[in-house]
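First up is the structure itself, then whatever we jot down about it.
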Amino acid sequence: MLTLATTTPGEPEIFASLQGEGPSAGRPCTFVRLSRCNLACTWCDTAYTWRFEGDNRPHRDDLAFARKANQIVLDESGVAARIMALGQDRLVITGGEPLLQGAALARMVALLDGHRVEIETNGTVAPHPALDPLVAQYNVSPKLKHSGNPAQIALIPERLAAWAADPRATFKFVIAEPADLDEVLALQAAHAIPPERVMLMPEGTASAVIRDRSRWLAPLALAHGMRLSDRLHIHLYGDTRGT
């Protein structure tokens with residue numbers, strides 16, 4: 001069984017859209033958003049996947065979500081059928097933290113036909129051995145100090161080294177201010193991450209904020225041989241579910 005986020009109560013967040021960020025930006029995809037996360041980013045734009053009533057971990061919006069309305073459990077075959085009905089050939093599995101449900105994901109992905117599978121992960125959880133061979137691309141987003149997560153749980157050296165050694169993994173760092181790049185450069189040097197596999201993405205859930213931050217982030221990416229990621233879905237649809 002898989003635990004998913006919802007778009008509305010009782011309706012799983014499974015939808016077709018254009019990938020908005022990372023190395024596949026602009027590509028048509030089917031998205032599956034899973035529920036639950038082992039981290040708690042203060043600026044998380046999908047807090048409805050983890051900050052349920054009774055969870056007092058800090059978040060800038062200080063919202064708590066009813067678990068029953070924002071979480072649904074479905075069997076793997078039902079999820080696979082919904083994915084195939086959307087008719088795309090690329091699947092993005094996101095969250096929350098998808099790799100917390102690795103065994104169930106492996107069973108679900110094995111039921112698909114002809115899908116290129118991307119997984120978006122915070123980089124703290126090792127892929128399940130049955131899932132890993134089925135994944136074409138990992139979009140790894142390690143959480144920097146400004147996320148509010150302690151480094152000892154958000155930046156696990158052996159996991160970062162493993163991702164750096166996996167050519168399927170692209171690193172996507174969320175940047176809120178120019179000084180955040182110093183932390184990126186330190187992690188890149190410590191784990192021998194090739195700069196061409198590093199993407200810098202402005203933090204923000206409003207189009208104007210993303211544009212403003214991109215203006216000073218672009219020359220930093222250029223200077224260090226890194227890639228700049230936009231947040232296309234925010235410009236197109238705003239900060240909404242199912243997009």
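Please note that chains go A, B, ... in the order of the structure tokens, that every chain numbers its residues from 1, and that ligands are numbered from 1 in the order shown.
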- Query: Can you list every residue in region 106-192 of chain A that DSSP puts in strand (DSSP E or B), as a VMD selection string?
  - Reply: chain A and resid 116 to 121 137 to 140 169 to 175
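Distance annotation: of A:Ala190, A:Leu236, A:Leu185, A:Ala16, the residue with the minimal separation from Leu144 (chain A) is A:Leu185; atom set is only C-alpha atoms.
The nearest approach to Thr3 (chain A) among the residues A:His191, A:Lys68, A:Arg51, A:Arg60, with only C-alpha atoms taken into account, belongs to A:Lys68.
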- Task: Would you list the contacts of Glu177 (chain A) as a count of residues only, taking every protein, DNA or RNA residue within 10 Å and counting only C-alpha atoms, but skipping same-chain residues closer than 3 positions in sequence?
- Result: 9
- Message: Need to verify the contact set: Leu39 (chain A), 9 Å, only C-alpha atoms, exclusion of same-chain residues closer than 5 positions in sequence. Can you return it as a ChimeraX atom specification?
- Response: /A:50,96-97,122,143,149,153-154
Would you output that residue set with C-alpha atoms, as a compact mmCIF listing (two decimals), in the first residue's frame?
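For reference, part-v1.txt as written:
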```txt
# COMPACT_ATOMS: atom_id res chain seq x y z
CA TRP A 50 3.75 16.09 6.72
CA GLY A 96 7.07 14.46 1.06
CA GLU A 97 9.98 12.01 0.93
CA ASN A 122 15.83 15.10 0.00
CA LYS A 143 18.50 20.81 2.63
CA ASN A 149 16.72 21.09 9.63
CA ILE A 153 19.74 14.56 9.93
CA ALA A 154 19.57 16.58 6.68
```
Could you give me, as CSV, a per-residue list for region 126-165 of chain A showing, wherever an atom lies at most 10 Å from an atom of region 21-38 of chain A, the closest pair of atoms and their distance in Å to one decimal, using only C-alpha atoms and sorting by chain then residue number from low to high?
```
residue,atom,partner,partner_atom,distance
A:Gln137,CA,A:Pro23,CA,9.4
A:Tyr138,CA,A:Pro23,CA,9.8
A:Asn139,CA,A:Gly22,CA,7.1
A:Val140,CA,A:Gly22,CA,9.5
A:Ser141,CA,A:Gly22,CA,9.7
A:Ile153,CA,A:Asn38,CA,8.8
A:Ala154,CA,A:Asn38,CA,9.1
```
Just write the chosen residues, C-alpha atoms, as an mmCIF file, in the first residue's frame.
```
data_model
loop_
_atom_site.group_PDB
_atom_site.id
_atom_site.type_symbol
_atom_site.label_atom_id
_atom_site.label_comp_id
_atom_site.auth_asym_id
_atom_site.auth_seq_id
_atom_site.Cartn_x
_atom_site.Cartn_y
_atom_site.Cartn_z
ATOM 1 C CA GLN A 137 16.822 9.720 -12.651
ATOM 2 C CA TYR A 138 17.134 11.018 -9.096
ATOM 3 C CA ASN A 139 16.523 14.707 -8.400
ATOM 4 C CA VAL A 140 18.349 15.080 -5.083
ATOM 5 C CA SER A 141 17.662 18.227 -3.064
ATOM 6 C CA ILE A 153 19.744 14.561 9.929
ATOM 7 C CA ALA A 154 19.573 16.577 6.675
#
```
Using only C-alpha atoms, which residues sit within 10 Å of Met108 (chain A) once same-chain residues fewer than 4 positions away are excluded, as an mmCIF file with all heavy atoms, in the first residue's frame?
```
data_model
loop_
_atom_site.group_PDB
_atom_site.id
_atom_site.type_symbol
_atom_site.label_atom_id
_atom_site.label_comp_id
_atom_site.auth_asym_id
_atom_site.auth_seq_id
_atom_site.Cartn_x
_atom_site.Cartn_y
_atom_site.Cartn_z
ATOM 1 N N MET A 1 0.842 -1.201 0.000
ATOM 2 C CA MET A 1 0.000 0.000 0.000
ATOM 3 C C MET A 1 0.875 1.248 0.000
ATOM 4 O O MET A 1 1.947 1.257 0.601
ATOM 5 C CB MET A 1 -0.909 0.013 1.230
ATOM 6 C CG MET A 1 -1.795 -1.214 1.365
ATOM 7 S SD MET A 1 -3.030 -1.370 0.053
ATOM 8 C CE MET A 1 -4.269 -0.210 0.624
ATOM 9 N N LEU A 2 0.388 2.295 -0.679
ATOM 10 C CA LEU A 2 1.090 3.572 -0.745
ATOM 11 C C LEU A 2 0.267 4.648 -0.048
ATOM 12 O O LEU A 2 -0.953 4.694 -0.188
ATOM 13 C CB LEU A 2 1.329 3.978 -2.193
ATOM 14 C CG LEU A 2 2.453 3.230 -2.928
ATOM 15 C CD1 LEU A 2 2.338 3.459 -4.429
ATOM 16 C CD2 LEU A 2 3.817 3.673 -2.420
ATOM 17 N N ASP A 75 -3.810 0.907 -2.910
ATOM 18 C CA ASP A 75 -2.952 -0.223 -3.250
ATOM 19 C C ASP A 75 -2.140 0.107 -4.500
ATOM 20 O O ASP A 75 -2.512 0.968 -5.304
ATOM 21 C CB ASP A 75 -3.762 -1.505 -3.436
ATOM 22 C CG ASP A 75 -4.717 -1.433 -4.610
ATOM 23 O OD1 ASP A 75 -4.252 -1.499 -5.768
ATOM 24 O OD2 ASP A 75 -5.932 -1.288 -4.379
ATOM 25 N N GLU A 76 -1.035 -0.578 -4.655
ATOM 26 C CA GLU A 76 -0.081 -0.275 -5.723
ATOM 27 C C GLU A 76 -0.705 -0.415 -7.108
ATOM 28 O O GLU A 76 -0.428 0.373 -8.016
ATOM 29 C CB GLU A 76 1.150 -1.181 -5.608
ATOM 30 C CG GLU A 76 1.997 -0.938 -4.373
ATOM 31 C CD GLU A 76 1.580 -1.793 -3.176
ATOM 32 O OE1 GLU A 76 0.417 -2.249 -3.134
ATOM 33 O OE2 GLU A 76 2.422 -2.013 -2.288
ATOM 34 N N SER A 77 -1.551 -1.403 -7.297
ATOM 35 C CA SER A 77 -2.157 -1.597 -8.616
ATOM 36 C C SER A 77 -3.102 -0.460 -8.963
ATOM 37 O O SER A 77 -3.179 -0.040 -10.129
ATOM 38 C CB SER A 77 -2.887 -2.937 -8.673
ATOM 39 O OG SER A 77 -3.940 -2.980 -7.727
ATOM 40 N N GLY A 78 -3.816 0.069 -7.970
ATOM 41 C CA GLY A 78 -4.705 1.199 -8.224
ATOM 42 C C GLY A 78 -3.940 2.453 -8.609
ATOM 43 O O GLY A 78 -4.361 3.212 -9.498
ATOM 44 N N VAL A 79 -2.806 2.686 -7.952
ATOM 45 C CA VAL A 79 -1.969 3.838 -8.300
ATOM 46 C C VAL A 79 -1.411 3.666 -9.708
ATOM 47 O O VAL A 79 -1.435 4.598 -10.521
ATOM 48 C CB VAL A 79 -0.840 4.014 -7.271
ATOM 49 C CG1 VAL A 79 0.112 5.134 -7.697
ATOM 50 C CG2 VAL A 79 -1.418 4.315 -5.885
ATOM 51 N N ALA A 80 -0.923 2.473 -10.027
ATOM 52 C CA ALA A 80 -0.372 2.221 -11.363
ATOM 53 C C ALA A 80 -1.424 2.435 -12.445
ATOM 54 O O ALA A 80 -1.135 3.006 -13.508
ATOM 55 C CB ALA A 80 0.189 0.802 -11.430
ATOM 56 N N ALA A 81 -2.651 2.009 -12.207
ATOM 57 C CA ALA A 81 -3.717 2.191 -13.192
ATOM 58 C C ALA A 81 -3.999 3.664 -13.440
ATOM 59 O O ALA A 81 -4.218 4.090 -14.587
ATOM 60 C CB ALA A 81 -4.983 1.472 -12.726
ATOM 61 N N GLY A 102 9.868 2.985 -0.177
ATOM 62 C CA GLY A 102 10.587 2.360 -1.285
ATOM 63 C C GLY A 102 10.073 0.996 -1.697
ATOM 64 O O GLY A 102 9.955 0.704 -2.893
ATOM 65 N N ALA A 103 9.746 0.135 -0.739
ATOM 66 C CA ALA A 103 9.308 -1.218 -1.097
ATOM 67 C C ALA A 103 7.981 -1.186 -1.852
ATOM 68 O O ALA A 103 7.812 -1.863 -2.882
ATOM 69 C CB ALA A 103 9.190 -2.076 0.162
ATOM 70 N N ALA A 104 7.033 -0.395 -1.360
ATOM 71 C CA ALA A 104 5.739 -0.285 -2.039
ATOM 72 C C ALA A 104 5.897 0.388 -3.397
ATOM 73 O O ALA A 104 5.233 0.005 -4.372
ATOM 74 C CB ALA A 104 4.752 0.479 -1.164
ATOM 75 N N LEU A 112 4.127 -0.767 -14.200
ATOM 76 C CA LEU A 112 4.013 0.215 -15.277
ATOM 77 C C LEU A 112 4.629 -0.320 -16.568
ATOM 78 O O LEU A 112 5.452 -1.233 -16.550
ATOM 79 C CB LEU A 112 4.693 1.520 -14.868
ATOM 80 C CG LEU A 112 4.161 2.196 -13.603
ATOM 81 C CD1 LEU A 112 4.977 3.449 -13.292
ATOM 82 C CD2 LEU A 112 2.680 2.542 -13.752
ATOM 83 N N LEU A 131 13.695 -1.109 -5.800
ATOM 84 C CA LEU A 131 13.264 0.080 -6.540
ATOM 85 C C LEU A 131 14.387 0.654 -7.393
ATOM 86 O O LEU A 131 14.164 1.091 -8.528
ATOM 87 C CB LEU A 131 12.762 1.136 -5.558
ATOM 88 C CG LEU A 131 12.379 2.507 -6.145
ATOM 89 C CD1 LEU A 131 11.190 2.373 -7.098
ATOM 90 C CD2 LEU A 131 12.072 3.491 -5.018
#
```
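Our summary of the geometry notes that CA of Ser229 (chain A) is positioned 8.1 Å from CA of Lys172 (chain A).
When only C-alpha atoms are used to measure the gap to Pro195 (chain A), the shortest distance among A:Met226, A:Leu220, A:Ala164, A:Ile156 belongs to A:Met226.
The nearest approach to Ala136 (chain A) among the residues A:Arg67, A:His59, A:Arg211, A:Arg168, with only C-alpha atoms taken into account, belongs to A:Arg168.
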Selection near Asp89 (chain A), 7 Å with only C-alpha atoms, sequence-local residues under 3 positions removed, as a CSV table (one decimal) with C-alpha atoms, in the first residue's frame:
```csv
chain,number,residue,atom,x,y,z
A,29,CYS,CA,5.0,14.1,-17.0
A,114,GLY,CA,7.3,2.1,-20.7
A,115,HIS,CA,7.6,4.9,-18.1
A,116,ARG,CA,10.9,6.7,-17.5
```
- Task: Write out as an MDAnalysis selection string all residues of region 69-133 of chain A that backbone DSSP assigns to alpha helix (DSSP H).
- Result: chainID A and resid 69:70 76:85 102:109
